[in-house]
There are 2 protein chains.
Amino acid sequence: MKFEAFRKSIRLSKEDISRGLLEENRDRIKIKKEKVAVRNLVKIMDAALAIGNAKGFASMSLRDLSSEAGLSMGALYSYISSKEELLDMIQQQGRIVVARVMSENLSGIDEPAEKLQKAIQVHLYLSEVLQPWFYFSYMETKNLPREAHRKAIESELLTEGIFAGIIEEGMAKGVFRQVDPRLGAALIKAMLQDWYLKRWKYERRKVTVEEYGEFLVDLVLSYILIRDEKKACS
Amino acid sequence: MKFEAFRKSIRLSKEDISRGLLEENRDRIKIKKEKVAVRNLVKIMDAALAIGNAKGFASMSLRDLSSEAGLSMGALYSYISSKEELLDMIQQQGRIVVARVMSENLSGIDEPAEKLQKAIQVHLYLSEVLQPWFYFSYMETKNLPREAHRKAIESELLTEGIFAGIIEEGMAKGVFRQVDPRLGAALIKAMLQDWYLKRWKYERRKVTVEEYGEFLVDLVLSYILIRDEKKACS
DNA sequence: GTCTATATCTGGATAGAC
DNA sequence: GTCTATCCAGATATAGAC
């Protein structure tokens, strides 16, 4: 699947994401009119990710944020009750979206090699669509308060578990070679992460997300698939 | 080579590193007695990396730092003239050490597969010895002031260039398959980074640095080496 | 719902005693 | 060389007008 086709297929506008966020946090957000609330939440999230990714969430003052979002300090505080809560909301909403898209796209695939290929591609493409969120989430995890930090780690292990599960399945069916599934999954994840963490590098070299995905799938499959020796020698 | 043998072979005590740091910054550091200066620099660096890695450099107050290092605010300011300069010193000193150890350990190896294996191993083991520095350096790069940021990126590309160079050599000699050398190098680096960025994960699973290195080398070489078909079929 | 104005606190940096 | 005391810029958070 091409990246553009994927992007269209998941239909994830900023408004959709902010609406989800609003619904999850009706109690914390003071603004009652949905239309107004969604519009401003989009601006707040965009601004928070932009500034946070440029100089770190801790260094972002709420003054910066309010001016970048085009709101006054007072108005901003009608949407969030503290800087820490903002961090929490951002992380939480992203996790929900990632879990949903991954499971939607992987259900119904049985053949391990195909499933592994698809899982890598979907994760990579999704991280491209939500690049600012993925980057932010990675970089700020360790600064989260205790409970939120625990949830973030749990979520990381969950995604990794998807890959490990596919590897185990392939080994059980005899089509993958014997490897440590969690270690294999961890390395796949590491390579997926590089795409959104070091974007400047790949942009500069004009590597597209499709090329990156193909290289990655090629590397992983040619290592893990048991080769058909007869075919190679004929 | 085993990790412990490597650790001993490079002889990198905290004191050695701080002494180097002192020599490079004679002009900026006010303390004249080497013994005193080195002792306190060790404490300052340890504290800065510990607090910085726990909650981010930006969130670390110099009050935290001074108390963790066991110095008063005033004393601290005899060693650094600003928080930003501290950041600079940490990065700079690490880069020098990494460049030195890498080049020392790779000189004189000609065979591409052996050299690639050795480069991966040395980088991995070094990142284990200096884990707090590698972690810090990765996480704080984007918060550096302009010039320091440029240097950090340059250094990242330099290390990557070492791997890309080995891959090119192997391709030229006809022992490696045709791949994009920079993309291959980038992925190797991504997997190396995971070791020091996600240490908690590997510790929890009781994966040793040697096991991680073997898996990584196995993955890379079995992808990139051109298989001897005759041997496989005999 | 959004704004301006402001109370209160925190943290980087320095002066000057010992 | 190290300490205590202090200055002051800049930050979070809130009160109250519109």
# chains A, B, ... in the order shown; residues from 1 in each chain; ligands from 1

$ interface_residues --of "chain B" --to "chain A" --cutoff "8 Å" --atoms "only C-alpha atoms" --output "list in words"
Ala54, Lys55, Gly56, Ala58, Ser59, Met139, Lys142, Asn143, Leu187, Ala190, Met191, Gln193, Asp194, Leu219, Ser222, Tyr223, Glu229, Lys230, Ala232 and Cys233 of chain B

$ write_last_selection --atoms "N, CA and C atoms" --output "PDB file, in the first residue's frame"
ATOM      1  N   ALA B  54      17.114  11.957  34.720  1.00  0.00           N
ATOM      2  CA  ALA B  54      15.878  11.618  35.428  1.00  0.00           C
ATOM      3  C   ALA B  54      14.747  12.542  35.023  1.00  0.00           C
ATOM      4  N   LYS B  55      15.021  13.819  34.902  1.00  0.00           N
ATOM      5  CA  LYS B  55      13.895  14.710  34.596  1.00  0.00           C
ATOM      6  C   LYS B  55      14.153  15.745  33.522  1.00  0.00           C
ATOM      7  N   GLY B  56      15.226  15.576  32.796  1.00  0.00           N
ATOM      8  CA  GLY B  56      15.516  16.526  31.715  1.00  0.00           C
ATOM      9  C   GLY B  56      16.378  17.682  32.199  1.00  0.00           C
ATOM     10  N   ALA B  58      16.513  20.745  31.227  1.00  0.00           N
ATOM     11  CA  ALA B  58      15.801  22.020  31.390  1.00  0.00           C
ATOM     12  C   ALA B  58      15.092  22.103  32.737  1.00  0.00           C
ATOM     13  N   SER B  59      14.624  20.959  33.229  1.00  0.00           N
ATOM     14  CA  SER B  59      13.899  20.969  34.506  1.00  0.00           C
ATOM     15  C   SER B  59      14.837  20.898  35.703  1.00  0.00           C
ATOM     16  N   MET B 139      19.215  12.772  24.269  1.00  0.00           N
ATOM     17  CA  MET B 139      17.983  13.444  24.672  1.00  0.00           C
ATOM     18  C   MET B 139      18.093  14.964  24.658  1.00  0.00           C
ATOM     19  N   LYS B 142      18.610  18.379  20.979  1.00  0.00           N
ATOM     20  CA  LYS B 142      17.747  19.380  20.358  1.00  0.00           C
ATOM     21  C   LYS B 142      17.610  20.653  21.199  1.00  0.00           C
ATOM     22  N   ASN B 143      17.983  20.575  22.477  1.00  0.00           N
ATOM     23  CA  ASN B 143      17.873  21.756  23.325  1.00  0.00           C
ATOM     24  C   ASN B 143      19.148  22.596  23.348  1.00  0.00           C
ATOM     25  N   LEU B 187      20.274   2.527   9.976  1.00  0.00           N
ATOM     26  CA  LEU B 187      19.526   1.499  10.704  1.00  0.00           C
ATOM     27  C   LEU B 187      20.394   0.808  11.750  1.00  0.00           C
ATOM     28  N   ALA B 190      20.480   3.089  14.598  1.00  0.00           N
ATOM     29  CA  ALA B 190      19.213   3.099  15.340  1.00  0.00           C
ATOM     30  C   ALA B 190      19.165   1.937  16.332  1.00  0.00           C
ATOM     31  N   MET B 191      19.655   0.777  15.892  1.00  0.00           N
ATOM     32  CA  MET B 191      19.617  -0.385  16.779  1.00  0.00           C
ATOM     33  C   MET B 191      20.644  -0.262  17.895  1.00  0.00           C
ATOM     34  N   GLN B 193      21.483   2.544  19.231  1.00  0.00           N
ATOM     35  CA  GLN B 193      20.952   3.534  20.156  1.00  0.00           C
ATOM     36  C   GLN B 193      19.935   2.948  21.113  1.00  0.00           C
ATOM     37  N   ASP B 194      19.143   2.008  20.613  1.00  0.00           N
ATOM     38  CA  ASP B 194      18.124   1.440  21.481  1.00  0.00           C
ATOM     39  C   ASP B 194      18.719   0.848  22.752  1.00  0.00           C
ATOM     40  N   LEU B 219      22.206 -10.351  12.828  1.00  0.00           N
ATOM     41  CA  LEU B 219      21.172  -9.767  11.963  1.00  0.00           C
ATOM     42  C   LEU B 219      21.796  -9.004  10.795  1.00  0.00           C
ATOM     43  N   SER B 222      24.032 -11.323   8.401  1.00  0.00           N
ATOM     44  CA  SER B 222      23.310 -12.298   7.567  1.00  0.00           C
ATOM     45  C   SER B 222      22.464 -11.595   6.515  1.00  0.00           C
ATOM     46  N   TYR B 223      22.203 -10.312   6.722  1.00  0.00           N
ATOM     47  CA  TYR B 223      21.522  -9.568   5.657  1.00  0.00           C
ATOM     48  C   TYR B 223      22.513  -9.114   4.596  1.00  0.00           C
ATOM     49  N   GLU B 229      26.527 -19.618  -2.259  1.00  0.00           N
ATOM     50  CA  GLU B 229      25.476 -20.564  -2.637  1.00  0.00           C
ATOM     51  C   GLU B 229      25.981 -22.007  -2.760  1.00  0.00           C
ATOM     52  N   LYS B 230      27.162 -22.138  -3.330  1.00  0.00           N
ATOM     53  CA  LYS B 230      27.694 -23.502  -3.533  1.00  0.00           C
ATOM     54  C   LYS B 230      27.803 -24.239  -2.212  1.00  0.00           C
ATOM     55  N   ALA B 232      26.148 -23.700   0.504  1.00  0.00           N
ATOM     56  CA  ALA B 232      24.826 -23.991   1.058  1.00  0.00           C
ATOM     57  C   ALA B 232      24.191 -25.210   0.412  1.00  0.00           C
ATOM     58  N   CYS B 233      24.573 -25.494  -0.842  1.00  0.00           N
ATOM     59  CA  CYS B 233      23.912 -26.563  -1.573  1.00  0.00           C
ATOM     60  C   CYS B 233      24.680 -27.879  -1.547  1.00  0.00           C
TER      61      CYS B 233
END

$ interface_residues --of "chain D" --to "chain A" --cutoff "10 Å" --atoms "only C-alpha atoms (C1' of nucleotides)" --output "PyMOL selection string"
chain D and resi 10-14

$ residues_around --residues "DG1 (chain C)" --least-positions-apart "4" --cutoff "12 Å" --atoms "only C-alpha atoms (C1' of nucleotides)" --output "compact mmCIF listing (two decimals) with N, CA and C atoms (P, O5', C5', C4', C3', O3' and C1' of nucleotides), in the first residue's frame"
# COMPACT_ATOMS: atom_id res chain seq x y z
N LYS A 30 -13.41 23.38 30.80
CA LYS A 30 -14.53 24.22 31.25
C LYS A 30 -15.46 24.65 30.10
N ILE A 31 -14.94 24.69 28.88
CA ILE A 31 -15.74 25.21 27.77
C ILE A 31 -16.81 24.22 27.34
N LYS A 32 -18.02 24.72 27.18
CA LYS A 32 -19.14 23.82 26.94
C LYS A 32 -19.51 23.66 25.46
N LYS A 33 -19.36 24.72 24.68
CA LYS A 33 -19.73 24.61 23.27
C LYS A 33 -18.70 23.80 22.49
N VAL A 36 -16.55 25.55 19.57
CA VAL A 36 -15.51 26.46 20.08
C VAL A 36 -14.38 25.66 20.71
N ALA A 37 -14.76 24.71 21.54
CA ALA A 37 -13.76 23.93 22.26
C ALA A 37 -12.83 23.18 21.31
N ASN A 40 -10.35 25.51 19.46
CA ASN A 40 -9.23 25.98 20.28
C ASN A 40 -8.31 24.85 20.72
N LEU A 71 -4.28 32.53 22.01
CA LEU A 71 -5.23 32.68 23.12
C LEU A 71 -4.54 33.46 24.24
N SER A 72 -5.32 34.06 25.08
CA SER A 72 -4.72 34.71 26.25
C SER A 72 -4.44 33.66 27.32
N GLY A 74 -5.54 33.62 30.29
CA GLY A 74 -6.80 33.29 30.94
C GLY A 74 -7.59 32.25 30.17
N ALA A 75 -7.71 32.47 28.86
CA ALA A 75 -8.47 31.53 28.03
C ALA A 75 -7.82 30.15 28.05
N LEU A 76 -6.51 30.14 27.95
CA LEU A 76 -5.79 28.88 27.95
C LEU A 76 -6.15 28.05 29.18
N TYR A 77 -6.23 28.75 30.31
CA TYR A 77 -6.52 28.05 31.56
C TYR A 77 -7.96 27.56 31.66
N SER A 78 -8.79 27.90 30.68
CA SER A 78 -10.12 27.30 30.65
C SER A 78 -10.08 25.92 30.02
N TYR A 79 -8.98 25.64 29.32
CA TYR A 79 -8.86 24.35 28.63
C TYR A 79 -7.99 23.36 29.40
P DC D 18 -15.15 47.05 32.97
O5' DC D 18 -15.46 46.07 31.78
C5' DC D 18 -14.60 46.03 30.63
C4' DC D 18 -15.09 44.95 29.73
C3' DC D 18 -16.49 45.17 29.12
O3' DC D 18 -16.32 45.46 27.74
C1' DC D 18 -16.11 42.89 29.79

$ select_by_dssp --residues "region 39-68 of chain B" --states "alpha helix (DSSP H)" --output "number ranges by chain"
B: 39-55, 62-68

$ write_last_selection --atoms "N, CA and C atoms" --output "PDB file, in the first residue's frame"
ATOM      1  N   ARG B  39      38.261  16.588  41.404  1.00  0.00           N
ATOM      2  CA  ARG B  39      37.348  15.935  42.357  1.00  0.00           C
ATOM      3  C   ARG B  39      35.942  16.526  42.240  1.00  0.00           C
ATOM      4  N   ASN B  40      35.865  17.852  42.230  1.00  0.00           N
ATOM      5  CA  ASN B  40      34.548  18.475  42.170  1.00  0.00           C
ATOM      6  C   ASN B  40      33.872  18.355  40.805  1.00  0.00           C
ATOM      7  N   LEU B  41      34.683  18.361  39.763  1.00  0.00           N
ATOM      8  CA  LEU B  41      34.084  18.190  38.431  1.00  0.00           C
ATOM      9  C   LEU B  41      33.428  16.819  38.294  1.00  0.00           C
ATOM     10  N   VAL B  42      34.084  15.818  38.868  1.00  0.00           N
ATOM     11  CA  VAL B  42      33.475  14.485  38.837  1.00  0.00           C
ATOM     12  C   VAL B  42      32.113  14.529  39.500  1.00  0.00           C
ATOM     13  N   LYS B  43      32.056  15.183  40.666  1.00  0.00           N
ATOM     14  CA  LYS B  43      30.778  15.252  41.379  1.00  0.00           C
ATOM     15  C   LYS B  43      29.732  16.021  40.577  1.00  0.00           C
ATOM     16  N   ILE B  44      30.178  17.113  39.952  1.00  0.00           N
ATOM     17  CA  ILE B  44      29.233  17.922  39.176  1.00  0.00           C
ATOM     18  C   ILE B  44      28.701  17.152  37.974  1.00  0.00           C
ATOM     19  N   MET B  45      29.596  16.483  37.259  1.00  0.00           N
ATOM     20  CA  MET B  45      29.169  15.733  36.064  1.00  0.00           C
ATOM     21  C   MET B  45      28.227  14.592  36.445  1.00  0.00           C
ATOM     22  N   ASP B  46      28.610  13.844  37.475  1.00  0.00           N
ATOM     23  CA  ASP B  46      27.746  12.747  37.924  1.00  0.00           C
ATOM     24  C   ASP B  46      26.356  13.259  38.255  1.00  0.00           C
ATOM     25  N   ALA B  47      26.323  14.335  39.018  1.00  0.00           N
ATOM     26  CA  ALA B  47      25.033  14.878  39.455  1.00  0.00           C
ATOM     27  C   ALA B  47      24.238  15.390  38.264  1.00  0.00           C
ATOM     28  N   ALA B  48      24.912  16.094  37.370  1.00  0.00           N
ATOM     29  CA  ALA B  48      24.208  16.674  36.219  1.00  0.00           C
ATOM     30  C   ALA B  48      23.610  15.575  35.339  1.00  0.00           C
ATOM     31  N   LEU B  49      24.382  14.519  35.097  1.00  0.00           N
ATOM     32  CA  LEU B  49      23.860  13.434  34.267  1.00  0.00           C
ATOM     33  C   LEU B  49      22.724  12.700  34.979  1.00  0.00           C
ATOM     34  N   ALA B  50      22.880  12.507  36.279  1.00  0.00           N
ATOM     35  CA  ALA B  50      21.841  11.784  37.014  1.00  0.00           C
ATOM     36  C   ALA B  50      20.534  12.570  37.014  1.00  0.00           C
ATOM     37  N   ILE B  51      20.596  13.825  37.416  1.00  0.00           N
ATOM     38  CA  ILE B  51      19.364  14.619  37.480  1.00  0.00           C
ATOM     39  C   ILE B  51      18.829  14.877  36.073  1.00  0.00           C
ATOM     40  N   GLY B  52      19.732  15.231  35.166  1.00  0.00           N
ATOM     41  CA  GLY B  52      19.318  15.520  33.796  1.00  0.00           C
ATOM     42  C   GLY B  52      18.621  14.332  33.159  1.00  0.00           C
ATOM     43  N   ASN B  53      19.150  13.142  33.367  1.00  0.00           N
ATOM     44  CA  ASN B  53      18.529  11.964  32.761  1.00  0.00           C
ATOM     45  C   ASN B  53      17.236  11.584  33.461  1.00  0.00           C
ATOM     46  N   ALA B  54      17.114  11.957  34.720  1.00  0.00           N
ATOM     47  CA  ALA B  54      15.878  11.618  35.428  1.00  0.00           C
ATOM     48  C   ALA B  54      14.747  12.542  35.023  1.00  0.00           C
ATOM     49  N   LYS B  55      15.021  13.819  34.902  1.00  0.00           N
ATOM     50  CA  LYS B  55      13.895  14.710  34.596  1.00  0.00           C
ATOM     51  C   LYS B  55      14.153  15.745  33.522  1.00  0.00           C
ATOM     52  N   LEU B  62      19.636  24.670  39.239  1.00  0.00           N
ATOM     53  CA  LEU B  62      21.021  24.636  39.717  1.00  0.00           C
ATOM     54  C   LEU B  62      21.070  24.438  41.224  1.00  0.00           C
ATOM     55  N   ARG B  63      19.951  24.688  41.879  1.00  0.00           N
ATOM     56  CA  ARG B  63      19.879  24.376  43.316  1.00  0.00           C
ATOM     57  C   ARG B  63      19.897  22.869  43.504  1.00  0.00           C
ATOM     58  N   ASP B  64      19.063  22.159  42.740  1.00  0.00           N
ATOM     59  CA  ASP B  64      19.118  20.684  42.735  1.00  0.00           C
ATOM     60  C   ASP B  64      20.546  20.225  42.521  1.00  0.00           C
ATOM     61  N   LEU B  65      21.118  20.754  41.462  1.00  0.00           N
ATOM     62  CA  LEU B  65      22.452  20.307  41.067  1.00  0.00           C
ATOM     63  C   LEU B  65      23.466  20.552  42.179  1.00  0.00           C
ATOM     64  N   SER B  66      23.440  21.750  42.738  1.00  0.00           N
ATOM     65  CA  SER B  66      24.443  22.065  43.745  1.00  0.00           C
ATOM     66  C   SER B  66      24.280  21.168  44.966  1.00  0.00           C
ATOM     67  N   SER B  67      23.044  20.889  45.347  1.00  0.00           N
ATOM     68  CA  SER B  67      22.897  20.048  46.539  1.00  0.00           C
ATOM     69  C   SER B  67      23.258  18.598  46.234  1.00  0.00           C
ATOM     70  N   GLU B  68      22.885  18.108  45.061  1.00  0.00           N
ATOM     71  CA  GLU B  68      23.237  16.730  44.685  1.00  0.00           C
ATOM     72  C   GLU B  68      24.759  16.568  44.576  1.00  0.00           C
TER      73      GLU B  68
END

$ closest_atom_pairs --of "chain C" --to "chain B" --cutoff "9 Å" --atoms "only C-alpha atoms (C1' of nucleotides)" --output "JSON lines"
{"residue": "C:DG11", "atom": "C1'", "partner": "B:Ser61", "partner_atom": "CA", "distance": 6.5}
{"residue": "C:DG12", "atom": "C1'", "partner": "B:Leu62", "partner_atom": "CA", "distance": 7.6}
{"residue": "C:DA13", "atom": "C1'", "partner": "B:Ser82", "partner_atom": "CA", "distance": 8.1}
{"residue": "C:DT14", "atom": "C1'", "partner": "B:Gly74", "partner_atom": "CA", "distance": 8.6}

$ write_last_selection --atoms "C-alpha atoms (C1' of nucleotides)" --output "JSON list (two decimals), in the first residue's frame"
[["chain", "number", "residue", "atom", "x", "y", "z"],
["C", 11, "DG", "C1'", 15.30, 29.67, 39.57],
["C", 12, "DG", "C1'", 19.65, 31.71, 37.47],
["C", 13, "DA", "C1'", 23.20, 34.54, 38.70],
["C", 14, "DT", "C1'", 26.23, 37.56, 41.76]]

$ residues_around --residues "DA17 (chain C)" --least-positions-apart "6" --cutoff "12 Å" --atoms "only C-alpha atoms (C1' of nucleotides)" --output "PyMOL selection string"
chain D and resi 2-5

$ atom_distance --atom1 "CA of Trp133 (chain B)" --atom2 "CA of Leu22 (chain B)"
17.1 Å

$ atom_distance --atom1 "CA of Gly161 (chain B)" --atom2 "CA of Ser137 (chain A)"
28.5 Å

$ atom_distance --atom1 "CA of Asp16 (chain A)" --atom2 "CA of Val97 (chain A)"
10.3 Å

$ residues_around --residues "region 100-107 of chain B" --least-positions-apart "6" --cutoff "9 Å" --atoms "only C-alpha atoms (C1' of nucleotides)" --output "ChimeraX atom specification"
/B:10,115,118-119,122-123,126,159

$ residues_around --residues "Asn25 (chain A)" --least-positions-apart "6" --cutoff "10 Å" --atoms "only C-alpha atoms (C1' of nucleotides)" --output "count of residues only"
4

$ residues_around --residues "DA17 (chain D)" --least-positions-apart "2" --cutoff "10 Å" --atoms "only C-alpha atoms (C1' of nucleotides)" --output "list of chain:residue names"
C:DC3, C:DT4, D:DA15

$ write_last_selection --atoms "C-alpha atoms (C1' of nucleotides)" --output "compact mmCIF listing (two decimals), in the first residue's frame"
# COMPACT_ATOMS: atom_id res chain seq x y z
C1' DC C 3 -9.39 39.30 28.15
C1' DT C 4 -6.06 42.23 31.19
C1' DA D 15 -9.21 37.44 40.04
